[in-house]
Amino acid sequence: METTEQLAKELKKIEKWEKSQKGLFFWEKLLRLPFAALDKVTPRFIHEKIEKLLDEVAKYIDNGGQYLANTSATLEKASKRLKEKDLTLTDIQQLSIQEMDELANAFVEARQKNAKIQGATTGIGGIFTLAIDVPFVLGLTLKTLQEVAVSYGYDPTKQEERVFMVKCMQFLSSDIVGKRAILEELSEGKREQSLSQLQGWREVFTTYRDNWGWKKLFQMIPIAGMIFGAYVNKQAIGDIGEIGTMLYRKRRILERLEQEKNLQES
């Protein structure tokens with residue numbers, strides 16, 4: 001375990017990272033407009049398919065659904081990575097922050113490879129496969145965040161953690177004001193667990209999709225879209241992996257500092 005001084009030093013690094021986060025620039029918001037136009041010419045059956053997938057992902061907040069990662073399998077991967085036998089979440093909670101970081105980074109890198117392959121594959125077919133790619137990567141995003149959660153000793157099967165992951169996605173797509181509000185909310189421990197979060201998920205999906213829109217326009221070009229699709233998907237998972245890692249890392253550090261404080265007072 002780290003000393004109080006070491007934990008405080010690591011916390012400052014995270015706070016520095018938080019301050020470095022910027023909102024979307026005006027030109028980025030402007031460049032989302034072509035994707036809004038793309039929606040209007042997209043065939044109805046594609047819209048219906050995305051809407052159906054959206055409803056399925058929304059269930060993730062309530063009960064996990066099909067996007068709930070296999071925690072046992074994730075722990076098995078963690079055991080192999082750390083060359084330990086039959087690790088549990090309790091065991092991971094006792095790891096050093098550095099070991100947790102290494103584990104989280106390994107999971108994110110593996111998911112980036114999957115996203116890259118998916119982006120290259122869907123880039124072959126242009127607009128029709130692009131409509132399928134966005135929901136797929138959103139599902140991959142949730143799996144990535146769940147593995148990051150396990151890396152820091154948190155149980156992704158708990159609704160509290162599923163809500164936290166949606167907040168991570170909101171953070172990625174928010175402007176600077178929104179980012180500050182989310183950081184304040186998470187710092188104060190106000191992680192609501194109500195079904196009202198389902199509506200919040202739909203808002204996340206819309207913003208998240210539009211945020212990708214202008215970046216993925218080039219993926220509409222058959223064949224050439226392979227290159228753009230692979231890059232954008234890999235970058236998307238890398239971005240959410242960084243945010244998930246930083247925010248879960250912060251939680252673990254704050255909890256350890258609180259434990260240290262309680263020990264000193266007792």
# chains A, B, ... in the order shown; residues from 1 in each chain; ligands from 1

$ residues_around --residues "range 68-84 of chain A" --least-positions-apart "6" --cutoff "8 Å" --atoms "only C-alpha atoms" --output "PyMOL selection string"
chain A and resi 60+103+143+146-147+150-151+155-157

$ write_last_selection --atoms "all heavy atoms" --output "compact mmCIF listing (two decimals), in the first residue's frame"
# COMPACT_ATOMS: atom_id res chain seq x y z
N TYR A 60 -29.19 -1.71 -19.76
CA TYR A 60 -27.94 -1.94 -19.03
C TYR A 60 -27.94 -1.22 -17.68
O TYR A 60 -27.46 -1.75 -16.68
CB TYR A 60 -26.77 -1.43 -19.89
CG TYR A 60 -25.44 -1.42 -19.18
CD1 TYR A 60 -24.71 -2.60 -19.03
CD2 TYR A 60 -24.91 -0.24 -18.66
CE1 TYR A 60 -23.49 -2.59 -18.38
CE2 TYR A 60 -23.70 -0.23 -18.01
CZ TYR A 60 -22.98 -1.40 -17.88
OH TYR A 60 -21.78 -1.39 -17.22
N LEU A 103 -3.06 -2.83 -15.04
CA LEU A 103 -4.14 -3.74 -15.38
C LEU A 103 -5.18 -3.04 -16.24
O LEU A 103 -5.62 -3.56 -17.28
CB LEU A 103 -4.78 -4.27 -14.09
CG LEU A 103 -5.73 -5.46 -14.20
CD1 LEU A 103 -5.06 -6.63 -14.89
CD2 LEU A 103 -6.22 -5.87 -12.82
N LYS A 143 -18.17 -2.31 -22.15
CA LYS A 143 -17.33 -3.44 -21.73
C LYS A 143 -15.97 -2.92 -21.24
O LYS A 143 -15.42 -3.41 -20.25
CB LYS A 143 -17.12 -4.40 -22.91
CG LYS A 143 -18.39 -5.13 -23.37
CD LYS A 143 -18.81 -6.17 -22.38
CE LYS A 143 -20.08 -6.90 -22.85
NZ LYS A 143 -19.89 -7.73 -24.06
N GLN A 146 -16.30 -1.44 -17.79
CA GLN A 146 -16.50 -2.48 -16.78
C GLN A 146 -15.16 -3.14 -16.40
O GLN A 146 -14.90 -3.43 -15.24
CB GLN A 146 -17.48 -3.54 -17.28
CG GLN A 146 -18.91 -3.02 -17.37
CD GLN A 146 -19.85 -4.04 -17.98
OE1 GLN A 146 -20.25 -5.01 -17.33
NE2 GLN A 146 -20.22 -3.84 -19.23
N GLU A 147 -14.33 -3.35 -17.40
CA GLU A 147 -13.03 -3.95 -17.13
C GLU A 147 -12.14 -2.98 -16.35
O GLU A 147 -11.36 -3.40 -15.49
CB GLU A 147 -12.37 -4.36 -18.45
CG GLU A 147 -13.07 -5.56 -19.08
CD GLU A 147 -12.55 -5.90 -20.46
OE1 GLU A 147 -11.96 -5.02 -21.13
OE2 GLU A 147 -12.76 -7.04 -20.91
N VAL A 150 -13.22 -3.19 -12.71
CA VAL A 150 -12.64 -4.37 -12.06
C VAL A 150 -11.17 -4.13 -11.73
O VAL A 150 -10.68 -4.56 -10.68
CB VAL A 150 -12.80 -5.62 -12.95
CG1 VAL A 150 -11.99 -6.79 -12.39
CG2 VAL A 150 -14.28 -6.01 -13.05
N SER A 151 -10.47 -3.43 -12.61
CA SER A 151 -9.04 -3.17 -12.41
C SER A 151 -8.77 -2.39 -11.13
O SER A 151 -7.69 -2.47 -10.57
CB SER A 151 -8.47 -2.38 -13.60
OG SER A 151 -8.59 -3.11 -14.80
N ASP A 155 -17.12 -3.53 -8.44
CA ASP A 155 -17.98 -4.58 -8.99
C ASP A 155 -18.93 -4.00 -10.04
O ASP A 155 -19.90 -3.31 -9.68
CB ASP A 155 -18.78 -5.23 -7.85
CG ASP A 155 -19.59 -6.42 -8.33
OD1 ASP A 155 -19.61 -6.68 -9.55
OD2 ASP A 155 -20.21 -7.09 -7.48
N PRO A 156 -18.73 -4.29 -11.33
CA PRO A 156 -19.57 -3.72 -12.38
C PRO A 156 -20.98 -4.29 -12.42
O PRO A 156 -21.83 -3.79 -13.16
CB PRO A 156 -18.80 -4.07 -13.66
CG PRO A 156 -18.02 -5.29 -13.31
CD PRO A 156 -17.64 -5.10 -11.88
N THR A 157 -21.24 -5.33 -11.63
CA THR A 157 -22.60 -5.88 -11.60
C THR A 157 -23.53 -5.03 -10.73
O THR A 157 -24.74 -5.19 -10.78
CB THR A 157 -22.60 -7.33 -11.07
OG1 THR A 157 -22.17 -7.34 -9.70
CG2 THR A 157 -21.69 -8.22 -11.90

$ closest_residue --among "A:Ile97, A:Met1, A:Ala120, A:Ile14" --to "Arg252 in chain A" --atoms "only C-alpha atoms"
A:Ile97

$ closest_residue --among "A:Met100, A:Ile237, A:Met165, A:Leu183" --to "Trp17 in chain A" --atoms "only C-alpha atoms"
A:Leu183

$ select_by_dssp --residues "range 64-135 of chain A" --states "alpha helix (DSSP H)" --output "PDB file with C-alpha atoms, in the first residue's frame"
ATOM      1  CA  THR A  71     -16.781 -10.376 -14.154  1.00  0.00           C
ATOM      2  CA  SER A  72     -15.380 -13.869 -13.544  1.00  0.00           C
ATOM      3  CA  ALA A  73     -13.783 -13.875 -16.987  1.00  0.00           C
ATOM      4  CA  THR A  74     -12.381 -10.394 -16.383  1.00  0.00           C
ATOM      5  CA  LEU A  75     -10.877 -11.520 -13.070  1.00  0.00           C
ATOM      6  CA  GLU A  76      -9.373 -14.526 -14.826  1.00  0.00           C
ATOM      7  CA  LYS A  77      -7.713 -12.226 -17.357  1.00  0.00           C
ATOM      8  CA  ALA A  78      -6.457 -10.065 -14.500  1.00  0.00           C
ATOM      9  CA  SER A  79      -4.986 -13.133 -12.791  1.00  0.00           C
ATOM     10  CA  LYS A  80      -3.075 -14.080 -15.937  1.00  0.00           C
ATOM     11  CA  ARG A  81      -1.877 -10.516 -16.452  1.00  0.00           C
ATOM     12  CA  LEU A  82      -0.563 -10.231 -12.892  1.00  0.00           C
ATOM     13  CA  LEU A  89     -12.207  -8.198  -6.343  1.00  0.00           C
ATOM     14  CA  THR A  90     -11.057  -8.098  -2.720  1.00  0.00           C
ATOM     15  CA  ASP A  91      -7.569  -9.167  -3.820  1.00  0.00           C
ATOM     16  CA  ILE A  92      -7.469  -6.452  -6.474  1.00  0.00           C
ATOM     17  CA  GLN A  93      -8.487  -3.850  -3.898  1.00  0.00           C
ATOM     18  CA  ILE A  97      -2.257   1.959  -7.570  1.00  0.00           C
ATOM     19  CA  GLN A  98       0.501   1.299 -10.086  1.00  0.00           C
ATOM     20  CA  GLU A  99      -0.560  -2.339 -10.475  1.00  0.00           C
ATOM     21  CA  MET A 100      -4.166  -1.245 -10.910  1.00  0.00           C
ATOM     22  CA  ASP A 101      -3.081   1.257 -13.576  1.00  0.00           C
ATOM     23  CA  GLU A 102      -1.161  -1.402 -15.478  1.00  0.00           C
ATOM     24  CA  LEU A 103      -4.139  -3.743 -15.377  1.00  0.00           C
ATOM     25  CA  ALA A 104      -6.564  -1.076 -16.598  1.00  0.00           C
ATOM     26  CA  ASN A 105      -4.234  -0.012 -19.412  1.00  0.00           C
ATOM     27  CA  ALA A 106      -3.900  -3.628 -20.577  1.00  0.00           C
ATOM     28  CA  PHE A 107      -7.679  -4.000 -20.778  1.00  0.00           C
ATOM     29  CA  VAL A 108      -8.084  -0.714 -22.662  1.00  0.00           C
ATOM     30  CA  GLU A 109      -5.378  -1.626 -25.182  1.00  0.00           C
ATOM     31  CA  ALA A 110      -7.030  -4.993 -25.858  1.00  0.00           C
ATOM     32  CA  ARG A 111     -10.407  -3.329 -26.433  1.00  0.00           C
ATOM     33  CA  GLN A 112      -8.789  -0.756 -28.727  1.00  0.00           C
ATOM     34  CA  LYS A 113      -7.571  -3.574 -30.950  1.00  0.00           C
ATOM     35  CA  ASN A 114     -11.112  -4.980 -31.150  1.00  0.00           C
ATOM     36  CA  ALA A 115     -12.519  -1.537 -31.955  1.00  0.00           C
ATOM     37  CA  LYS A 116      -9.901  -0.987 -34.653  1.00  0.00           C
ATOM     38  CA  ILE A 117     -10.812  -4.250 -36.377  1.00  0.00           C
ATOM     39  CA  GLN A 118     -14.522  -3.421 -36.145  1.00  0.00           C
ATOM     40  CA  GLY A 119     -13.980   0.042 -37.607  1.00  0.00           C
ATOM     41  CA  ALA A 120     -11.974  -1.340 -40.519  1.00  0.00           C
ATOM     42  CA  THR A 121     -14.600  -3.988 -41.202  1.00  0.00           C
ATOM     43  CA  THR A 122     -17.580  -1.630 -41.191  1.00  0.00           C
ATOM     44  CA  ILE A 127     -23.227   4.320 -44.753  1.00  0.00           C
ATOM     45  CA  PHE A 128     -25.122   1.091 -44.070  1.00  0.00           C
ATOM     46  CA  THR A 129     -22.423  -0.519 -41.961  1.00  0.00           C
ATOM     47  CA  LEU A 130     -21.640   2.853 -40.326  1.00  0.00           C
ATOM     48  CA  ALA A 131     -25.142   2.861 -38.834  1.00  0.00           C
ATOM     49  CA  ILE A 132     -24.363  -0.492 -37.234  1.00  0.00           C
ATOM     50  CA  ASP A 133     -20.874   0.494 -36.115  1.00  0.00           C
ATOM     51  CA  VAL A 134     -21.931   3.253 -33.696  1.00  0.00           C
ATOM     52  CA  PRO A 135     -24.124   1.030 -31.443  1.00  0.00           C
TER      53      PRO A 135
END

$ atom_distance --atom1 "CA of Tyr152 in chain A" --atom2 "CA of Arg249 in chain A"
6.8 Å

$ residues_around --residues "Lys19 in chain A" --least-positions-apart "4" --cutoff "10 Å" --atoms "only C-alpha atoms" --output "JSON list (two decimals) with N, CA, C and O atoms, in the first residue's frame"
[["chain", "number", "residue", "atom", "x", "y", "z"],
["A", 14, "ILE", "N", -4.10, 13.58, -10.90],
["A", 14, "ILE", "CA", -5.44, 13.44, -11.46],
["A", 14, "ILE", "C", -6.14, 14.79, -11.53],
["A", 14, "ILE", "O", -6.80, 15.11, -12.51],
["A", 15, "GLU", "N", -5.96, 15.60, -10.49],
["A", 15, "GLU", "CA", -6.57, 16.93, -10.47],
["A", 15, "GLU", "C", -6.00, 17.80, -11.59],
["A", 15, "GLU", "O", -6.71, 18.61, -12.19],
["A", 176, "ILE", "N", -17.06, 22.13, -21.16],
["A", 176, "ILE", "CA", -16.29, 22.34, -19.93],
["A", 176, "ILE", "C", -17.19, 22.54, -18.72],
["A", 176, "ILE", "O", -16.89, 22.08, -17.62],
["A", 179, "LYS", "N", -18.47, 19.10, -17.77],
["A", 179, "LYS", "CA", -17.41, 18.30, -17.14],
["A", 179, "LYS", "C", -17.25, 18.69, -15.67],
["A", 179, "LYS", "O", -17.10, 17.83, -14.80],
["A", 180, "ARG", "N", -17.27, 19.98, -15.41],
["A", 180, "ARG", "CA", -17.12, 20.44, -14.03],
["A", 180, "ARG", "C", -18.27, 19.95, -13.16],
["A", 180, "ARG", "O", -18.08, 19.53, -12.02]]

$ residues_around --residues "range 2-4 of chain A" --least-positions-apart "4" --cutoff "12 Å" --atoms "only C-alpha atoms" --output "number ranges by chain"
A: 8-11, 94-99, 252-264
